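Visitor: Here it is, the structure, as structure tokens.
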Amino acid sequence: MAEPDTHGPSPLQRHFTEPTTPYWQSIVSADPSAAPSGPWQFGYPARLPDGRVLRLPIRQLGADPTQAVASLLVNHAAMPVVQTLGEMLAQALGPYKPDLLVGLPTLGLSLAPIVAVALGHTRFLPMGYSRKFWYDDTLSTPVQSITSPTPGKRIYLDPNLLPLLAGQRLVIIDDALSTGTTMAAAWDLVTALGGNVVGCGVAMCQGRRWADRLGPVRSASVAKVFDSPLLQAVPEGWVVRA
């Protein structure tokens with residue numbers, strides 16, 4: 001476990017980070033004695049709509065280890081935690097009155113079924129990264145994300161699902177919104193294929209970079225469970241990046 005460095009971490013030094021195995025396994029009551037603005041060490045306390053806290057592991061960025069993000073991986077989380085996040089997201093999306101939900105790969109596919117059931121739906125529309133042999137490249141678009149920055153990945157819609165889009169009020173579901181590049185690409189594709197996208201829903205909004213990518217109209221249609229700020233190293237741990 002690394003000791004704090006008054007000059008911030010070097011590229012090879014871990015600064016108040018640790019293995020993530022115990023994270024995302026429970027939702028706890030908020031600690032009234034905790035400093036609301038940090039500094040935080042190892043984990044960030046994400047505040048949920050009911051006032052409870054989900055503690056997220058802090059991950060240093062490879063390009064600049066003096067900066068970090070608080071991470072959510074719903075496929076690593078306890079199933080009751082994922083269930084709670086999905087139900088909370090469904091509550092936030094109720095006013096949108098969607099006819100159908102579109103789940104984005106990979107981790108949005110863990111939340112979309114929970115949200116769909118909570119909203120009274122019997123199915124959702126999954127998109128995927130894997131190209132099946134019967135897929136049509138015209139029903140796909142290139143995507144990039146903060147966790148998968150290498151170019152070349154595409155998101156696909158199964159052509160058998162295309163008739164479900166036309167004239168429907170759609171909400172796109174993903175686990176997190178960070179740079180907004182994946183969400184914007186999926187939003188553009190679904191719209192081009194005849195869907196009426198009325199909003200998107202995510203468990204976590206990470207920073208605010210996504211707002212520039214989506215633009216003011218789409219950004220106003222984002223529903224989320226909690227916010228997670230971008231972080232900056234200080235000797236005592238991590239604080240919100242200025």
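Quick note on naming: the chains in the structure tokens go A, B, ... in the order shown, residues restart at 1 in each chain, and ligands are numbered from 1 in order of appearance.
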Report the closest atom pair, with its distance in Å rounded to one decimal, for each residue of range 118-230 of chain A that has an atom no farther than 6 Å from range 100-104 of chain A; count only C-alpha atoms, sort by chain and then rising residue number, and write it as CSV.

Guide:
```
residue,atom,partner,partner_atom,distance
A:Phe124,CA,A:Leu101,CA,5.1
A:Leu125,CA,A:Val102,CA,4.7
A:Pro126,CA,A:Gly103,CA,4.7
A:Met127,CA,A:Leu104,CA,5.4
A:Leu170,CA,A:Leu100,CA,5.2
A:Val171,CA,A:Leu101,CA,5.0
A:Ile172,CA,A:Val102,CA,4.6
A:Ile173,CA,A:Gly103,CA,4.9
A:Asp174,CA,A:Leu104,CA,5.4
```

Visitor: Looking only at the backbone, which of the residues in range 30-120 of chain A does DSSP tag as alpha helix (DSSP H), as number ranges by chain?

Guide: A: 79-93, 108-118

Visitor: Could the residues in this selection be saved with N, CA and C atoms as a PDB file, in the first residue's frame?

Guide:
```pdb
ATOM      1  N   MET A  79     -25.002  -9.018  -7.189  1.00  0.00           N
ATOM      2  CA  MET A  79     -26.270  -8.942  -7.922  1.00  0.00           C
ATOM      3  C   MET A  79     -27.305  -8.061  -7.226  1.00  0.00           C
ATOM      4  N   PRO A  80     -27.399  -8.060  -5.888  1.00  0.00           N
ATOM      5  CA  PRO A  80     -28.331  -7.123  -5.254  1.00  0.00           C
ATOM      6  C   PRO A  80     -27.987  -5.658  -5.517  1.00  0.00           C
ATOM      7  N   VAL A  81     -26.699  -5.347  -5.647  1.00  0.00           N
ATOM      8  CA  VAL A  81     -26.287  -3.976  -5.956  1.00  0.00           C
ATOM      9  C   VAL A  81     -26.749  -3.608  -7.364  1.00  0.00           C
ATOM     10  N   VAL A  82     -26.529  -4.511  -8.335  1.00  0.00           N
ATOM     11  CA  VAL A  82     -26.945  -4.249  -9.711  1.00  0.00           C
ATOM     12  C   VAL A  82     -28.469  -4.118  -9.782  1.00  0.00           C
ATOM     13  N   GLN A  83     -29.161  -4.959  -9.047  1.00  0.00           N
ATOM     14  CA  GLN A  83     -30.619  -4.897  -9.024  1.00  0.00           C
ATOM     15  C   GLN A  83     -31.088  -3.541  -8.509  1.00  0.00           C
ATOM     16  N   THR A  84     -30.475  -3.063  -7.451  1.00  0.00           N
ATOM     17  CA  THR A  84     -30.843  -1.764  -6.885  1.00  0.00           C
ATOM     18  C   THR A  84     -30.559  -0.635  -7.858  1.00  0.00           C
ATOM     19  N   LEU A  85     -29.398  -0.658  -8.503  1.00  0.00           N
ATOM     20  CA  LEU A  85     -29.059   0.386  -9.469  1.00  0.00           C
ATOM     21  C   LEU A  85     -30.046   0.386 -10.639  1.00  0.00           C
ATOM     22  N   GLY A  86     -30.411  -0.810 -11.105  1.00  0.00           N
ATOM     23  CA  GLY A  86     -31.362  -0.894 -12.203  1.00  0.00           C
ATOM     24  C   GLY A  86     -32.731  -0.357 -11.825  1.00  0.00           C
ATOM     25  N   GLU A  87     -33.184  -0.676 -10.616  1.00  0.00           N
ATOM     26  CA  GLU A  87     -34.493  -0.189 -10.171  1.00  0.00           C
ATOM     27  C   GLU A  87     -34.482   1.323  -9.968  1.00  0.00           C
ATOM     28  N   MET A  88     -33.370   1.851  -9.447  1.00  0.00           N
ATOM     29  CA  MET A  88     -33.264   3.304  -9.292  1.00  0.00           C
ATOM     30  C   MET A  88     -33.240   4.000 -10.647  1.00  0.00           C
ATOM     31  N   LEU A  89     -32.572   3.388 -11.610  1.00  0.00           N
ATOM     32  CA  LEU A  89     -32.534   3.975 -12.949  1.00  0.00           C
ATOM     33  C   LEU A  89     -33.921   3.939 -13.578  1.00  0.00           C
ATOM     34  N   ALA A  90     -34.661   2.872 -13.349  1.00  0.00           N
ATOM     35  CA  ALA A  90     -36.024   2.790 -13.876  1.00  0.00           C
ATOM     36  C   ALA A  90     -36.894   3.909 -13.309  1.00  0.00           C
ATOM     37  N   GLN A  91     -36.722   4.220 -12.028  1.00  0.00           N
ATOM     38  CA  GLN A  91     -37.484   5.316 -11.425  1.00  0.00           C
ATOM     39  C   GLN A  91     -37.157   6.643 -12.110  1.00  0.00           C
ATOM     40  N   ALA A  92     -35.869   6.844 -12.405  1.00  0.00           N
ATOM     41  CA  ALA A  92     -35.464   8.090 -13.063  1.00  0.00           C
ATOM     42  C   ALA A  92     -35.992   8.174 -14.494  1.00  0.00           C
ATOM     43  N   LEU A  93     -36.202   7.012 -15.139  1.00  0.00           N
ATOM     44  CA  LEU A  93     -36.626   6.990 -16.538  1.00  0.00           C
ATOM     45  C   LEU A  93     -38.142   6.937 -16.705  1.00  0.00           C
ATOM     46  N   GLY A 108     -24.004  -2.203 -20.333  1.00  0.00           N
ATOM     47  CA  GLY A 108     -25.391  -1.762 -20.381  1.00  0.00           C
ATOM     48  C   GLY A 108     -26.357  -2.919 -20.490  1.00  0.00           C
ATOM     49  N   LEU A 109     -25.883  -4.062 -21.008  1.00  0.00           N
ATOM     50  CA  LEU A 109     -26.731  -5.244 -21.142  1.00  0.00           C
ATOM     51  C   LEU A 109     -27.012  -5.897 -19.797  1.00  0.00           C
ATOM     52  N   SER A 110     -26.243  -5.572 -18.771  1.00  0.00           N
ATOM     53  CA  SER A 110     -26.533  -6.070 -17.424  1.00  0.00           C
ATOM     54  C   SER A 110     -27.656  -5.275 -16.768  1.00  0.00           C
ATOM     55  N   LEU A 111     -27.750  -3.992 -17.093  1.00  0.00           N
ATOM     56  CA  LEU A 111     -28.758  -3.123 -16.484  1.00  0.00           C
ATOM     57  C   LEU A 111     -30.076  -3.108 -17.243  1.00  0.00           C
ATOM     58  N   ALA A 112     -30.013  -3.198 -18.563  1.00  0.00           N
ATOM     59  CA  ALA A 112     -31.221  -3.016 -19.375  1.00  0.00           C
ATOM     60  C   ALA A 112     -32.348  -3.980 -19.013  1.00  0.00           C
ATOM     61  N   PRO A 113     -32.089  -5.282 -18.773  1.00  0.00           N
ATOM     62  CA  PRO A 113     -33.208  -6.170 -18.412  1.00  0.00           C
ATOM     63  C   PRO A 113     -33.877  -5.779 -17.097  1.00  0.00           C
ATOM     64  N   ILE A 114     -33.095  -5.325 -16.128  1.00  0.00           N
ATOM     65  CA  ILE A 114     -33.652  -4.923 -14.837  1.00  0.00           C
ATOM     66  C   ILE A 114     -34.531  -3.689 -15.007  1.00  0.00           C
ATOM     67  N   VAL A 115     -34.033  -2.719 -15.764  1.00  0.00           N
ATOM     68  CA  VAL A 115     -34.802  -1.501 -16.009  1.00  0.00           C
ATOM     69  C   VAL A 115     -36.080  -1.836 -16.772  1.00  0.00           C
ATOM     70  N   ALA A 116     -35.969  -2.714 -17.763  1.00  0.00           N
ATOM     71  CA  ALA A 116     -37.133  -3.075 -18.569  1.00  0.00           C
ATOM     72  C   ALA A 116     -38.222  -3.708 -17.712  1.00  0.00           C
ATOM     73  N   VAL A 117     -37.849  -4.662 -16.877  1.00  0.00           N
ATOM     74  CA  VAL A 117     -38.837  -5.328 -16.017  1.00  0.00           C
ATOM     75  C   VAL A 117     -39.476  -4.322 -15.067  1.00  0.00           C
ATOM     76  N   ALA A 118     -38.657  -3.441 -14.484  1.00  0.00           N
ATOM     77  CA  ALA A 118     -39.181  -2.454 -13.542  1.00  0.00           C
ATOM     78  C   ALA A 118     -40.164  -1.494 -14.209  1.00  0.00           C
TER      79      ALA A 118
END
```

Visitor: Could you give me, as a ChimeraX atom specification, the residues within 12 Å of Arg55 in chain A, counting only C-alpha atoms and dropping anything in the same chain fewer than 6 positions from it?

Guide: /A:20,22-31,40-48,70-73,77,81,226,228

Visitor: By how many Å are CA of Phe16 in chain A and CA of Leu56 in chain A apart?

Guide: 12.9 Å

Visitor: If you take only C-alpha atoms and a cut-off of 12 Å, which residues of range 51-147 of chain A touch range 152-167 of chain A, and what are their nearest atom pairs and distances in Å to one decimal, in chain and number order, as a tab-separated table?

Guide:
```
residue	atom	partner	partner_atom	distance
A:Pro98	CA	A:Gly167	CA	11.4
A:Asp99	CA	A:Gly167	CA	9.5
A:Leu100	CA	A:Leu165	CA	8.2
A:Leu101	CA	A:Leu165	CA	9.9
A:Val102	CA	A:Leu165	CA	9.4
A:Gly103	CA	A:Leu157	CA	10.5
A:Leu104	CA	A:Ile155	CA	8.4
A:Pro105	CA	A:Ile155	CA	8.0
A:Thr106	CA	A:Ile155	CA	10.1
A:Arg123	CA	A:Leu164	CA	10.7
A:Phe124	CA	A:Leu164	CA	9.7
A:Leu125	CA	A:Leu161	CA	7.2
A:Pro126	CA	A:Leu157	CA	7.6
A:Met127	CA	A:Leu157	CA	5.2
A:Gly128	CA	A:Tyr156	CA	5.2
A:Tyr129	CA	A:Ile155	CA	4.8
A:Ser130	CA	A:Tyr156	CA	7.4
A:Arg131	CA	A:Tyr156	CA	6.9
A:Lys132	CA	A:Asp158	CA	8.3
A:Phe133	CA	A:Asp158	CA	10.3
A:Trp134	CA	A:Pro159	CA	8.0
A:Tyr135	CA	A:Asp158	CA	6.0
A:Asp136	CA	A:Pro159	CA	6.9
A:Asp137	CA	A:Tyr156	CA	7.7
A:Thr138	CA	A:Tyr156	CA	8.9
A:Leu139	CA	A:Leu157	CA	5.6
A:Ser140	CA	A:Tyr156	CA	4.3
A:Thr141	CA	A:Arg154	CA	5.4
A:Pro142	CA	A:Arg154	CA	4.1
A:Val143	CA	A:Arg154	CA	5.5
A:Gln144	CA	A:Lys153	CA	6.9
A:Ser145	CA	A:Lys153	CA	9.7
```

Visitor: Just write the chosen residues, N, CA and C atoms, as an mmCIF file, in the first residue's frame.

Guide:
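So part_22.cif came out as:
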```cif
data_model
loop_
_atom_site.group_PDB
_atom_site.id
_atom_site.type_symbol
_atom_site.label_atom_id
_atom_site.label_comp_id
_atom_site.auth_asym_id
_atom_site.auth_seq_id
_atom_site.Cartn_x
_atom_site.Cartn_y
_atom_site.Cartn_z
ATOM 1 N N PRO A 98 -40.858 5.338 -22.137
ATOM 2 C CA PRO A 98 -40.338 4.672 -23.338
ATOM 3 C C PRO A 98 -41.188 3.465 -23.731
ATOM 4 N N ASP A 99 -41.273 3.217 -25.039
ATOM 5 C CA ASP A 99 -41.911 2.007 -25.552
ATOM 6 C C ASP A 99 -40.959 0.820 -25.519
ATOM 7 N N LEU A 100 -39.662 1.118 -25.619
ATOM 8 C CA LEU A 100 -38.661 0.061 -25.707
ATOM 9 C C LEU A 100 -37.321 0.616 -25.241
ATOM 10 N N LEU A 101 -36.535 -0.240 -24.597
ATOM 11 C CA LEU A 101 -35.193 0.135 -24.167
ATOM 12 C C LEU A 101 -34.162 -0.494 -25.095
ATOM 13 N N VAL A 102 -33.100 0.256 -25.380
ATOM 14 C CA VAL A 102 -31.985 -0.226 -26.186
ATOM 15 C C VAL A 102 -30.793 -0.396 -25.258
ATOM 16 N N GLY A 103 -30.286 -1.622 -25.107
ATOM 17 C CA GLY A 103 -29.159 -1.882 -24.232
ATOM 18 C C GLY A 103 -27.856 -1.876 -24.991
ATOM 19 N N LEU A 104 -26.862 -1.111 -24.482
ATOM 20 C CA LEU A 104 -25.558 -1.035 -25.140
ATOM 21 C C LEU A 104 -24.596 -2.042 -24.524
ATOM 22 N N PRO A 105 -23.737 -2.620 -25.378
ATOM 23 C CA PRO A 105 -22.722 -3.518 -24.853
ATOM 24 C C PRO A 105 -21.585 -2.723 -24.216
ATOM 25 N N THR A 106 -20.824 -3.284 -23.321
ATOM 26 C CA THR A 106 -21.131 -4.612 -22.810
ATOM 27 C C THR A 106 -21.965 -4.510 -21.532
ATOM 28 N N ARG A 123 -39.483 -7.163 -22.953
ATOM 29 C CA ARG A 123 -38.261 -7.361 -23.722
ATOM 30 C C ARG A 123 -37.506 -6.038 -23.801
ATOM 31 N N PHE A 124 -36.249 -6.123 -24.238
ATOM 32 C CA PHE A 124 -35.480 -4.929 -24.590
ATOM 33 C C PHE A 124 -34.702 -5.255 -25.842
ATOM 34 N N LEU A 125 -34.122 -4.236 -26.450
ATOM 35 C CA LEU A 125 -33.386 -4.419 -27.694
ATOM 36 C C LEU A 125 -31.887 -4.348 -27.404
ATOM 37 N N PRO A 126 -31.168 -5.486 -27.514
ATOM 38 C CA PRO A 126 -29.730 -5.477 -27.250
ATOM 39 C C PRO A 126 -28.928 -5.153 -28.505
ATOM 40 N N MET A 127 -27.912 -4.342 -28.351
ATOM 41 C CA MET A 127 -26.926 -4.142 -29.400
ATOM 42 C C MET A 127 -25.671 -4.901 -28.996
ATOM 43 N N GLY A 128 -24.736 -5.097 -29.936
ATOM 44 C CA GLY A 128 -23.568 -5.908 -29.632
ATOM 45 C C GLY A 128 -22.323 -5.453 -30.357
ATOM 46 N N TYR A 129 -21.167 -5.914 -29.846
ATOM 47 C CA TYR A 129 -19.883 -5.659 -30.489
ATOM 48 C C TYR A 129 -19.475 -6.795 -31.431
ATOM 49 N N SER A 130 -20.067 -7.963 -31.262
ATOM 50 C CA SER A 130 -19.696 -9.132 -32.050
ATOM 51 C C SER A 130 -20.534 -9.187 -33.326
ATOM 52 N N ARG A 131 -19.860 -9.296 -34.474
ATOM 53 C CA ARG A 131 -20.552 -9.339 -35.773
ATOM 54 C C ARG A 131 -20.914 -10.779 -36.109
ATOM 55 N N LYS A 132 -22.210 -11.109 -36.076
ATOM 56 C CA LYS A 132 -22.679 -12.417 -36.496
ATOM 57 C C LYS A 132 -22.687 -12.475 -38.031
ATOM 58 N N PHE A 133 -22.668 -13.665 -38.589
ATOM 59 C CA PHE A 133 -22.508 -13.769 -40.041
ATOM 60 C C PHE A 133 -23.687 -13.197 -40.816
ATOM 61 N N TRP A 134 -24.850 -13.118 -40.190
ATOM 62 C CA TRP A 134 -26.019 -12.576 -40.905
ATOM 63 C C TRP A 134 -26.191 -11.061 -40.712
ATOM 64 N N TYR A 135 -25.263 -10.415 -39.993
ATOM 65 C CA TYR A 135 -25.371 -8.984 -39.763
ATOM 66 C C TYR A 135 -25.067 -8.192 -41.033
ATOM 67 N N ASP A 136 -25.565 -6.969 -41.053
ATOM 68 C CA ASP A 136 -25.360 -6.044 -42.170
ATOM 69 C C ASP A 136 -24.536 -4.868 -41.654
ATOM 70 N N ASP A 137 -23.421 -4.578 -42.299
ATOM 71 C CA ASP A 137 -22.555 -3.495 -41.829
ATOM 72 C C ASP A 137 -23.240 -2.142 -41.864
ATOM 73 N N THR A 138 -24.284 -1.995 -42.685
ATOM 74 C CA THR A 138 -25.000 -0.721 -42.700
ATOM 75 C C THR A 138 -25.796 -0.507 -41.415
ATOM 76 N N LEU A 139 -25.952 -1.564 -40.603
ATOM 77 C CA LEU A 139 -26.632 -1.450 -39.312
ATOM 78 C C LEU A 139 -25.606 -1.427 -38.181
ATOM 79 N N SER A 140 -24.499 -0.742 -38.412
ATOM 80 C CA SER A 140 -23.434 -0.652 -37.414
ATOM 81 C C SER A 140 -22.767 0.701 -37.499
ATOM 82 N N THR A 141 -21.954 1.002 -36.483
ATOM 83 C CA THR A 141 -21.202 2.261 -36.475
ATOM 84 C C THR A 141 -19.961 2.083 -35.616
ATOM 85 N N PRO A 142 -18.854 2.759 -35.945
ATOM 86 C CA PRO A 142 -17.653 2.651 -35.110
ATOM 87 C C PRO A 142 -17.845 3.359 -33.776
ATOM 88 N N VAL A 143 -17.236 2.798 -32.720
ATOM 89 C CA VAL A 143 -17.319 3.395 -31.388
ATOM 90 C C VAL A 143 -15.953 3.333 -30.715
ATOM 91 N N GLN A 144 -15.794 4.198 -29.730
ATOM 92 C CA GLN A 144 -14.587 4.252 -28.926
ATOM 93 C C GLN A 144 -14.998 4.698 -27.539
ATOM 94 N N SER A 145 -14.287 4.263 -26.507
ATOM 95 C CA SER A 145 -14.644 4.669 -25.155
ATOM 96 C C SER A 145 -13.387 4.877 -24.333
#
```

Visitor: In Å, rounded to a single decimal, give me how far CA of Arg241 in chain A is from CA of Gln13 in chain A.

Guide: 19.4 Å

Visitor: Using only C-alpha atoms for the distances, tell me which of A:Thr191, A:Gln67, A:Gln206, A:Asn196 is nearest to Thr179 in chain A.

Guide: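 Ranked by minimum distance to Thr179 in chain A, first place goes to A:Gln206.
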
Visitor: Going by DSSP on the backbone, which bits of range 56-109 of chain A are strand (DSSP E or B)? Write them as a list of chain:residue names, please.

Guide: A:Leu56, A:Pro57, A:Ile58, A:Arg59, A:Gln60, A:Gln67, A:Ala68, A:Val69, A:Ala70, A:Leu100, A:Leu101, A:Val102, A:Gly103

Visitor: With only C-alpha atoms as the counted atoms, please give the residues lying no more than 7 Å from Val202 in chain A, apart from itself and same-chain residues fewer than 3 positions off, as a list in words.

Guide: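 So the residues in contact are Ile173, Asp174, Asp175, Ala176, Leu177, Cys205, Ala223, Lys224 and Val225 of chain A.
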
Visitor: Can I get the selection written as a PDB file, in the first residue's frame, with N, CA and C atoms?

Guide:
```
ATOM      1  N   ILE A 173     -29.744   2.494 -22.855  1.00  0.00           N
ATOM      2  CA  ILE A 173     -29.242   2.166 -21.526  1.00  0.00           C
ATOM      3  C   ILE A 173     -27.778   1.766 -21.602  1.00  0.00           C
ATOM      4  N   ASP A 174     -26.957   2.348 -20.728  1.00  0.00           N
ATOM      5  CA  ASP A 174     -25.566   1.919 -20.575  1.00  0.00           C
ATOM      6  C   ASP A 174     -25.212   1.985 -19.102  1.00  0.00           C
ATOM      7  N   ASP A 175     -24.038   1.461 -18.755  1.00  0.00           N
ATOM      8  CA  ASP A 175     -23.644   1.479 -17.340  1.00  0.00           C
ATOM      9  C   ASP A 175     -23.137   2.847 -16.929  1.00  0.00           C
ATOM     10  N   ALA A 176     -22.361   3.488 -17.815  1.00  0.00           N
ATOM     11  CA  ALA A 176     -21.728   4.760 -17.442  1.00  0.00           C
ATOM     12  C   ALA A 176     -21.644   5.679 -18.644  1.00  0.00           C
ATOM     13  N   LEU A 177     -21.578   6.963 -18.351  1.00  0.00           N
ATOM     14  CA  LEU A 177     -21.416   8.001 -19.367  1.00  0.00           C
ATOM     15  C   LEU A 177     -20.190   8.807 -18.977  1.00  0.00           C
ATOM     16  N   CYS A 205     -22.787   8.886 -14.140  1.00  0.00           N
ATOM     17  CA  CYS A 205     -22.233   9.955 -14.974  1.00  0.00           C
ATOM     18  C   CYS A 205     -20.867  10.308 -14.422  1.00  0.00           C
ATOM     19  N   ALA A 223     -30.699  10.566 -17.954  1.00  0.00           N
ATOM     20  CA  ALA A 223     -31.111  10.176 -16.611  1.00  0.00           C
ATOM     21  C   ALA A 223     -30.011   9.313 -16.007  1.00  0.00           C
ATOM     22  N   LYS A 224     -29.739   9.512 -14.714  1.00  0.00           N
ATOM     23  CA  LYS A 224     -28.656   8.762 -14.077  1.00  0.00           C
ATOM     24  C   LYS A 224     -29.022   8.451 -12.640  1.00  0.00           C
ATOM     25  N   VAL A 225     -28.267   7.497 -12.064  1.00  0.00           N
ATOM     26  CA  VAL A 225     -28.461   7.144 -10.656  1.00  0.00           C
ATOM     27  C   VAL A 225     -27.553   7.992  -9.779  1.00  0.00           C
TER      28      VAL A 225
END
```

Visitor: What does the structure give for the distance between CA of Arg213 in chain A and CA of Gly194 in chain A, in Å to one decimal?

Guide: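 Straight-line distance from CA of Arg213 in chain A to CA of Gly194 in chain A works out to 21.6 Å.
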
Visitor: Which one is closest to Leu214 in chain A: A:Gly237, A:Pro49, A:Gly120, A:Gly180? Count only C-alpha atoms.

Guide: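 Once distances to Leu214 in chain A are computed over only C-alpha atoms, the minimum belongs to A:Gly180.
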
Visitor: Restricting the calculation to only C-alpha atoms, which member of A:Leu230, A:Ala242, A:Ala68, A:Ala192 is positioned closest to His15 in chain A?

Guide: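 For His15 in chain A, the nearest of the candidates is A:Ala68.
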
Visitor: Find the nearest atom pair between each residue of range 174-205 of chain A and range 216-220 of chain A for residues within 9 Å, count only C-alpha atoms, give distances in Å to one decimal, sort rows by chain and ascending number, and present the table as JSON lines.

Guide:
```
{"residue": "A:Ala184", "atom": "CA", "partner": "A:Arg218", "partner_atom": "CA", "distance": 8.9}
{"residue": "A:Val198", "atom": "CA", "partner": "A:Arg218", "partner_atom": "CA", "distance": 8.4}
{"residue": "A:Gly199", "atom": "CA", "partner": "A:Arg218", "partner_atom": "CA", "distance": 6.9}
{"residue": "A:Cys200", "atom": "CA", "partner": "A:Arg218", "partner_atom": "CA", "distance": 8.4}
```

Visitor: Counting only C-alpha atoms, which residue out of A:Ala233, A:Asp212, A:Thr181, A:Gly201 sits closest to Leu61 in chain A?

Guide: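 Closest to Leu61 in chain A of all the choices is A:Ala233.
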